[in-house]
Every structure is written in C-alpha cells, then in structure tokens.
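S.K.: Below you will find the structure I want to go over with you.
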Protein chains: 2
Amino acid sequence: MEKKSVNSEIDNLDMQILSILMEDATIPYTEIAKKLIVSGGTIHVRMKKMQDLGIIKGSNLVVDPQKIGYDVCAYLGIYLEKGSTYKDAVAKLVKIKEIVELHYTTGAWSMFAKIICRDTNHLREVLNENIQTVEGISRTETFISLEESIKRQINLDL
Amino acid sequence: MEKKSVNSEIDNLDMQILSILMEDATIPYTEIAKKLIVSGGTIHVRMKKMQDLGIIKGSNLVVDPQKIGYDVCAYLGIYLEKGSTYKDAVAKLVKIKEIVELHYTTGAWSMFAKIICRDTNHLREVLNENIQTVEGISRTETFISLEESIKRQINLDL
DNA sequence: GTTGAAAAGTGCTGCGA
DNA sequence: TCGCAGCACTTTTCAAC
C-alpha cells in the first residue's frame, strides 16, 4: 500500500491530483492521468470522492482586482466589546460584501478581516458606515496593503 | 451604449461573466450564455480578451486546508530593521512555501503575511527556523486564526 | 479500485450577417 | 462585432478485470 496522508481517507494519488489542480484548475483530467500514469476514469472517481468528502469546495476564477477597478486592499484588526459575542458580529459582518476574509484570532484583536475596495473613499465609506456601526465592535485598526508580493495556494509537499 | 465600468476596456457584459465565474469556474460557457442572453461564442471571445489583458490570471481549485492536514492558519505582522529593504526580505520570504500571502503595509508593521501550517509544531518550526532567520526581520507578531468565518471573492456590484 | 472505450456535452473556429 | 454550425476535445458513464 501507499504511504498514507494525515487523513486516512486520502492517499498519495489524491494529494498529487490536488497539487496539480490547485495551481491550475483548467488542466484536463486526461493530462493529469498521463502525468500520474493512471486512467482518466480514476482521476474522475478520485475527484468525485474528494468533492463528496468536502475536501474540494469548488473552483474559483482568479481575477486581478486592480484591473477591474478594485484598487485598495486592507487588513483590519477588530476589537470586540466585552459582552458582545463573536457570533453576533459575524452575522452582521457577513453582509458587508467588501469583506472577503474574516478570522477569529488570538492576540491583540478579537477578529481579523481582509477588505477589498475600489478606492480610498470607498474604504472610508465601508469603515465608517458599515463596519464601525456594527454593534459590539468598539474599535478597528486599518493596515492598507501597498503591494501584494505573494498570493498563492498551499504547496503540498508529497 | 452600455454603462461603462471603471476600466474602459471592460464593459458590463465582461463584468457579469467574471461575476459568475468567480463564484464557480466550472460553469460551462453555454450556461453563462443562456443567463446573459448572448451566444456561447461571445462568451468565448470575451474570456479570451480578458485573459490577454491579464484580468483573468487563471483558475484555482478551492480546497479545505484542514481536511488535507493543514490545520493551522496564522497571520504574521513583521517588523523590518532600518536599512533593510522590503525587496530583499520578499526575495527570501518567497522561498518559504508555508507563506501564502505577503503584503507591504502601512501601520504598525512593515509587512503582513498569512501562513498555513500542518499543526502548531509546524508553525513554530516555520517561525523559528525560517522566518526569524531572514536577514532584516527584527521581530514578528503572530495571530493564530481559531476560526475562518468568511472566505470569498469580491462581490462585483453591477 | 482500476481500466478502456463509447456516449454526451463542452469548447473552439470559420463563415455569414 | 456578434451569432450559428461543424469539428475536436473533454468529461462522464459503464461493463469488465
């Protein structure tokens, strides 16, 4: 048998398939099959299994935000008031569509968000009119990204 | 004529195509064509144009990191020593494959990184043995994500 | 669980409007 | 510039190993 991965449901072949498709999801199954020396049908079965298990959540088109008019990317440290629950805040923050990531974190802040806006005016609007008005949020700290140097997926070492 | 977007090269139809494919890149062109009431060929032409313009950078498979043994996600604030250049640090940080995002930011830190590791031991290894040994990096501050509540693409309002 | 091939559907290209 | 139709390719399914 092959060396098993951390998760017993997933073997080395599955990981190799993921590794290839995580970089470019447009690569055809037939080509993956050739690379890994199995049949196209096997790739299909493995992919279906991983989709059913929820390992594969979907496929995204990677778009350059700046080229479609979204020029400002910022991270936001969010302080939550005592007595306010994270859950309630999340429910409200989900509705703010400029927030593309939100984490509950250890450290100085309660939460950590990533926002993408059209310009600095748009960012100010979102901060003042949307985020700061959410109940339970006492204070935020903004870190504007001047340059995105790395943007990639996890590198699965096989 | 249609209402133009911020970028004059891109019109409303292009944005609608992007909007659909950003959520799920597996949706066939024919289905998009039906939704937007144009022919499949038109979708193809628009996609090619946007790929040539660099608006579309590719396609990613979305994988649940926890289900393939990457359990720990953390953000990292990085202080850079005076005299050290951002460029030199980036060149070294690029080689650390656990770093999936790196930004040059305003605010308390010089840089901001997102790292994905297998477990807390792995995180400690990356911090001590890789990141802290990079020349020019004086200090880092770690924020571990206990829960990822939001993870999505920009919502293009059309 | 894997294979190989047949069936169904999608993407691509050139001609016409 | 867009739409239609034919061809090439990929995905999907299934019987057999």
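Labels used: A, B, ... for chains in the order of the structure tokens, numbers from 1 for residues in each chain, and numbers from 1 for ligands as shown.
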Using only C-alpha atoms (C1' of nucleotides), which residues sit within 12 Å of region 5-17 of chain C once same-chain residues fewer than 3 positions away are excluded, as JSON, numbers by chain?

M.R.: {"A": [39, 40, 41], "B": [26, 27, 28, 29, 30, 31, 40, 41, 42, 43, 44, 45, 47, 48], "D": [1, 2, 3, 4, 5, 6, 7, 8, 9, 10, 11, 12, 13, 14, 15, 16]}

S.K.: Using every C-alpha atom paired in order, could you least-squares fit chain B onto chain A and give me the moved chain as a compact mmCIF listing (two decimals) with C-alpha atoms, in the first residue's frame?

M.R.:
```
# COMPACT_ATOMS: atom_id res chain seq x y z
CA MET B 1 0.43 0.02 0.09
CA GLU B 2 1.27 3.61 -0.44
CA LYS B 3 2.40 5.95 2.26
CA LYS B 4 -0.72 7.34 3.80
CA SER B 5 -1.48 10.99 4.32
CA VAL B 6 -2.61 12.52 7.61
CA ASN B 7 -6.19 11.79 6.67
CA SER B 8 -6.70 8.09 6.14
CA GLU B 9 -9.39 8.67 3.53
CA ILE B 10 -6.92 10.40 1.25
CA ASP B 11 -3.91 8.73 -0.31
CA ASN B 12 -0.90 9.97 -2.16
CA LEU B 13 -2.57 9.88 -5.56
CA ASP B 14 -5.40 12.10 -4.31
CA MET B 15 -2.90 14.59 -2.96
CA GLN B 16 -1.03 14.67 -6.25
CA ILE B 17 -4.25 15.35 -8.12
CA LEU B 18 -5.08 18.19 -5.73
CA SER B 19 -1.60 19.57 -6.03
CA ILE B 20 -1.89 19.83 -9.81
CA LEU B 21 -5.40 21.26 -9.88
CA MET B 22 -4.80 23.78 -7.10
CA GLU B 23 -2.36 25.59 -9.34
CA ASP B 24 -4.53 25.46 -12.43
CA ALA B 25 -8.01 24.03 -12.30
CA THR B 26 -8.33 24.09 -16.09
CA ILE B 27 -5.89 21.23 -16.67
CA PRO B 28 -7.88 18.36 -18.22
CA TYR B 29 -8.24 15.05 -16.42
CA THR B 30 -6.59 13.23 -19.32
CA GLU B 31 -3.43 15.25 -18.90
CA ILE B 32 -3.33 14.64 -15.15
CA ALA B 33 -3.83 10.95 -15.86
CA LYS B 34 -0.80 10.94 -18.17
CA LYS B 35 1.37 12.71 -15.59
CA LEU B 36 0.44 10.34 -12.79
CA ILE B 37 0.35 7.27 -15.05
CA VAL B 38 -3.22 6.20 -14.35
CA SER B 39 -6.36 6.27 -16.47
CA GLY B 40 -8.63 9.27 -16.91
CA GLY B 41 -11.43 7.33 -15.26
CA THR B 42 -9.40 6.95 -12.09
CA ILE B 43 -8.91 10.72 -11.85
CA HIS B 44 -12.64 11.10 -12.26
CA VAL B 45 -13.42 8.64 -9.46
CA ARG B 46 -10.92 10.28 -7.11
CA MET B 47 -12.26 13.75 -7.85
CA LYS B 48 -15.80 12.65 -7.18
CA LYS B 49 -14.75 11.06 -3.90
CA MET B 50 -13.01 14.24 -2.77
CA GLN B 51 -15.95 16.39 -3.76
CA ASP B 52 -18.30 14.14 -1.78
CA LEU B 53 -16.01 14.28 1.24
CA GLY B 54 -16.02 18.07 1.10
CA ILE B 55 -12.30 18.26 0.53
CA ILE B 56 -12.86 20.03 -2.77
CA LYS B 57 -15.21 22.93 -2.20
CA GLY B 58 -15.31 24.24 -5.73
CA SER B 59 -13.35 26.19 -8.27
CA ASN B 60 -12.61 29.91 -8.45
CA LEU B 61 -11.63 32.17 -11.27
CA VAL B 62 -8.59 34.16 -10.20
CA VAL B 63 -9.09 37.80 -11.17
CA ASP B 64 -6.72 40.72 -10.70
CA PRO B 65 -8.80 43.06 -8.50
CA GLN B 66 -6.87 46.17 -9.57
CA LYS B 67 -7.68 45.61 -13.23
CA ILE B 68 -11.41 45.61 -12.58
CA GLY B 69 -11.37 48.77 -10.52
CA TYR B 70 -10.73 47.40 -7.02
CA ASP B 71 -7.53 49.18 -6.17
CA VAL B 72 -7.41 49.10 -2.39
CA CYS B 73 -6.75 46.04 -0.27
CA ALA B 74 -6.63 46.39 3.50
CA TYR B 75 -6.42 44.29 6.63
CA LEU B 76 -8.44 45.23 9.64
CA GLY B 77 -7.87 44.39 13.28
CA ILE B 78 -11.19 44.50 15.11
CA TYR B 79 -11.71 44.92 18.85
CA LEU B 80 -14.90 43.50 20.26
CA GLU B 81 -16.53 44.96 23.36
CA LYS B 82 -16.84 42.82 26.45
CA GLY B 83 -20.19 41.13 26.50
CA SER B 84 -20.50 41.18 22.74
CA THR B 85 -20.34 37.82 21.08
CA TYR B 86 -18.25 36.97 18.10
CA LYS B 87 -21.18 35.15 16.57
CA ASP B 88 -23.44 38.21 16.56
CA ALA B 89 -20.74 40.36 15.02
CA VAL B 90 -20.05 37.81 12.29
CA ALA B 91 -23.72 37.70 11.36
CA LYS B 92 -23.58 41.42 10.65
CA LEU B 93 -20.16 41.48 9.03
CA VAL B 94 -21.16 38.77 6.55
CA LYS B 95 -23.52 41.27 4.98
CA ILE B 96 -20.71 43.70 4.21
CA LYS B 97 -19.69 42.45 0.82
CA GLU B 98 -16.35 44.25 0.77
CA ILE B 99 -15.13 41.87 3.48
CA VAL B 100 -13.60 38.89 1.71
CA GLU B 101 -12.04 37.17 4.72
CA LEU B 102 -12.84 37.15 8.41
CA HIS B 103 -11.05 35.26 11.15
CA TYR B 104 -11.51 34.87 14.87
CA THR B 105 -7.99 35.27 16.17
CA THR B 106 -5.73 35.11 19.18
CA GLY B 107 -3.59 38.12 20.05
CA ALA B 108 -4.32 41.83 20.26
CA TRP B 109 -7.64 41.72 18.41
CA SER B 110 -10.76 39.67 18.53
CA MET B 111 -11.14 39.48 14.81
CA PHE B 112 -9.20 40.00 11.70
CA ALA B 113 -10.71 40.98 8.36
CA LYS B 114 -9.50 41.48 4.82
CA ILE B 115 -11.36 44.04 2.74
CA ILE B 116 -11.16 44.92 -0.92
CA CYS B 117 -12.43 48.32 -2.05
CA ARG B 118 -12.46 50.42 -5.20
CA ASP B 119 -10.49 53.36 -3.80
CA THR B 120 -9.65 55.06 -0.53
CA ASN B 121 -13.00 56.84 -0.50
CA HIS B 122 -14.78 53.56 -0.81
CA LEU B 123 -12.64 52.17 2.01
CA ARG B 124 -13.52 55.08 4.25
CA GLU B 125 -17.20 54.59 3.51
CA VAL B 126 -17.05 50.92 4.39
CA LEU B 127 -15.15 51.62 7.60
CA ASN B 128 -17.29 54.50 8.83
CA GLU B 129 -20.69 53.58 7.55
CA ASN B 130 -20.64 49.81 7.71
CA ILE B 131 -18.07 48.28 9.98
CA GLN B 132 -17.90 50.85 12.77
CA THR B 133 -21.66 50.90 13.10
CA VAL B 134 -21.83 47.17 13.87
CA GLU B 135 -22.91 46.67 17.46
CA GLY B 136 -20.22 45.26 19.71
CA ILE B 137 -17.31 46.54 17.61
CA SER B 138 -15.52 49.12 19.72
CA ARG B 139 -12.47 49.94 17.66
CA THR B 140 -10.66 48.94 14.50
CA GLU B 141 -7.14 49.33 13.20
CA THR B 142 -6.48 49.49 9.49
CA PHE B 143 -3.47 48.23 7.55
CA ILE B 144 -3.52 49.16 3.92
CA SER B 145 -1.68 46.89 1.54
CA LEU B 146 0.64 48.88 -0.68
CA GLU B 147 1.77 45.82 -2.56
CA GLU B 148 0.74 42.21 -2.69
CA SER B 149 3.97 40.31 -3.13
CA ILE B 150 2.77 36.77 -2.66
CA LYS B 151 -0.61 35.27 -3.45
CA ARG B 152 -0.71 31.53 -3.85
CA GLN B 153 -2.18 28.28 -2.62
CA ILE B 154 -0.66 25.88 -0.11
CA ASN B 155 2.18 23.87 -1.53
CA LEU B 156 1.45 20.24 -0.75
CA ASP B 157 4.76 18.50 -0.22
CA LEU B 158 4.29 14.93 -1.33
```

S.K.: I need the residues of region 60-148 of chain A that end up classed as strand (DSSP E or B) by DSSP on the backbone, written out as a ChimeraX atom specification.

M.R.: /A:60-63,72-80,99-105,111-117,137-148
